[in-house]
Amino acid sequence: MTDRRGVVAKRAENLMPDVPYVRGWTQARRSASNLASLLTDLGLESDFPGLTADVNVLGDGLVRLGTIRPEAALLLAELITSGLAVEMLDSMAQVPRDALKSRASAA
């Protein structure tokens, strides 16, 4: 089974020539490391013990969360939702300021 982005394509177990596995894995490793650091800052590293970098047969990097408890998945979803809400509020708060700036420079 593969989604439209190929994320759930088979893991790269047998490497094929001309596929940039190292580039994909390096990107995944960097992202997994950043996520691990943030989870550690939040005291949640023990909730994601299987967090690791991987690569699929297409050479796309993957970050695997591993098997996690339902509570950890819910907490991660809540953190993402909260972050998106803050981003939306910030972008909405900037609109009036930008409009004021353009009006002031037009005058």
# chains A, B, ... in the order shown; residues from 1 in each chain; ligands from 1

$ residues_around --residues "Arg23 in chain A" --least-positions-apart "6" --cutoff "12 Å" --atoms "only C-alpha atoms" --output "tab-separated table (two decimals) with C-alpha atoms, in the first residue's frame"
chain	number	residue	atom	x	y	z
A	29	ARG	CA	17.79	11.81	10.63
A	30	ARG	CA	17.97	15.59	10.96
A	53	ALA	CA	15.04	7.86	10.89
A	54	ASP	CA	14.47	5.55	7.95
A	55	VAL	CA	14.22	5.63	4.16
A	56	ASN	CA	11.80	3.99	1.73
A	58	LEU	CA	12.12	5.52	-3.44
A	59	GLY	CA	14.87	7.15	-1.38
A	60	ASP	CA	12.46	9.35	0.55
A	61	GLY	CA	13.38	9.97	4.15
A	62	LEU	CA	10.92	8.83	6.80

$ select_by_dssp --residues "range 29-63 of chain A" --states "strand (DSSP E or B)" --output "PyMOL selection string"
chain A and resi 52-56+61-63

$ write_last_selection --atoms "C-alpha atoms" --output "PDB file, in the first residue's frame"
ATOM      1  CA  THR A  52      14.036   6.842  14.402  1.00  0.00           C
ATOM      2  CA  ALA A  53      15.044   7.865  10.888  1.00  0.00           C
ATOM      3  CA  ASP A  54      14.466   5.554   7.945  1.00  0.00           C
ATOM      4  CA  VAL A  55      14.221   5.631   4.161  1.00  0.00           C
ATOM      5  CA  ASN A  56      11.805   3.993   1.734  1.00  0.00           C
ATOM      6  CA  GLY A  61      13.377   9.966   4.152  1.00  0.00           C
ATOM      7  CA  LEU A  62      10.920   8.826   6.799  1.00  0.00           C
ATOM      8  CA  VAL A  63      10.626   9.626  10.476  1.00  0.00           C
TER       9      VAL A  63
END

$ closest_residue --among "A:Gln27, A:Thr67, A:Ser82, A:Ser91" --to "Leu51 in chain A" --atoms "only C-alpha atoms"
A:Thr67

$ select_by_dssp --residues "range 53-92 of chain A" --states "helix (DSSP H, G or I)" --output "PyMOL selection string"
chain A and resi 70-92

$ write_last_selection --atoms "C-alpha atoms" --output "JSON list (two decimals), in the first residue's frame"
[["chain", "number", "residue", "atom", "x", "y", "z"],
["A", 70, "PRO", "CA", -2.80, 6.17, 22.52],
["A", 71, "GLU", "CA", -2.25, 8.89, 25.13],
["A", 72, "ALA", "CA", 1.05, 9.86, 23.49],
["A", 73, "ALA", "CA", -0.63, 10.07, 20.08],
["A", 74, "LEU", "CA", -3.40, 12.24, 21.54],
["A", 75, "LEU", "CA", -0.85, 14.49, 23.24],
["A", 76, "LEU", "CA", 1.12, 14.89, 20.00],
["A", 77, "ALA", "CA", -2.10, 15.76, 18.14],
["A", 78, "GLU", "CA", -2.96, 18.35, 20.80],
["A", 79, "LEU", "CA", 0.51, 19.89, 20.60],
["A", 80, "ILE", "CA", 0.24, 20.17, 16.82],
["A", 81, "THR", "CA", -3.25, 21.67, 17.06],
["A", 82, "SER", "CA", -2.11, 24.19, 19.69],
["A", 83, "GLY", "CA", 0.88, 25.20, 17.56],
["A", 84, "LEU", "CA", -1.31, 25.71, 14.50],
["A", 85, "ALA", "CA", -3.78, 27.78, 16.54],
["A", 86, "VAL", "CA", -0.96, 30.04, 17.76],
["A", 87, "GLU", "CA", 0.34, 30.43, 14.19],
["A", 88, "MET", "CA", -3.13, 31.37, 12.95],
["A", 89, "LEU", "CA", -3.56, 33.94, 15.74],
["A", 90, "ASP", "CA", -0.14, 35.42, 14.98],
["A", 91, "SER", "CA", -0.89, 35.70, 11.27],
["A", 92, "MET", "CA", -4.28, 37.28, 11.98]]

$ atom_distance --atom1 "CA of Leu35 in chain A" --atom2 "CA of Arg64 in chain A"
10.9 Å
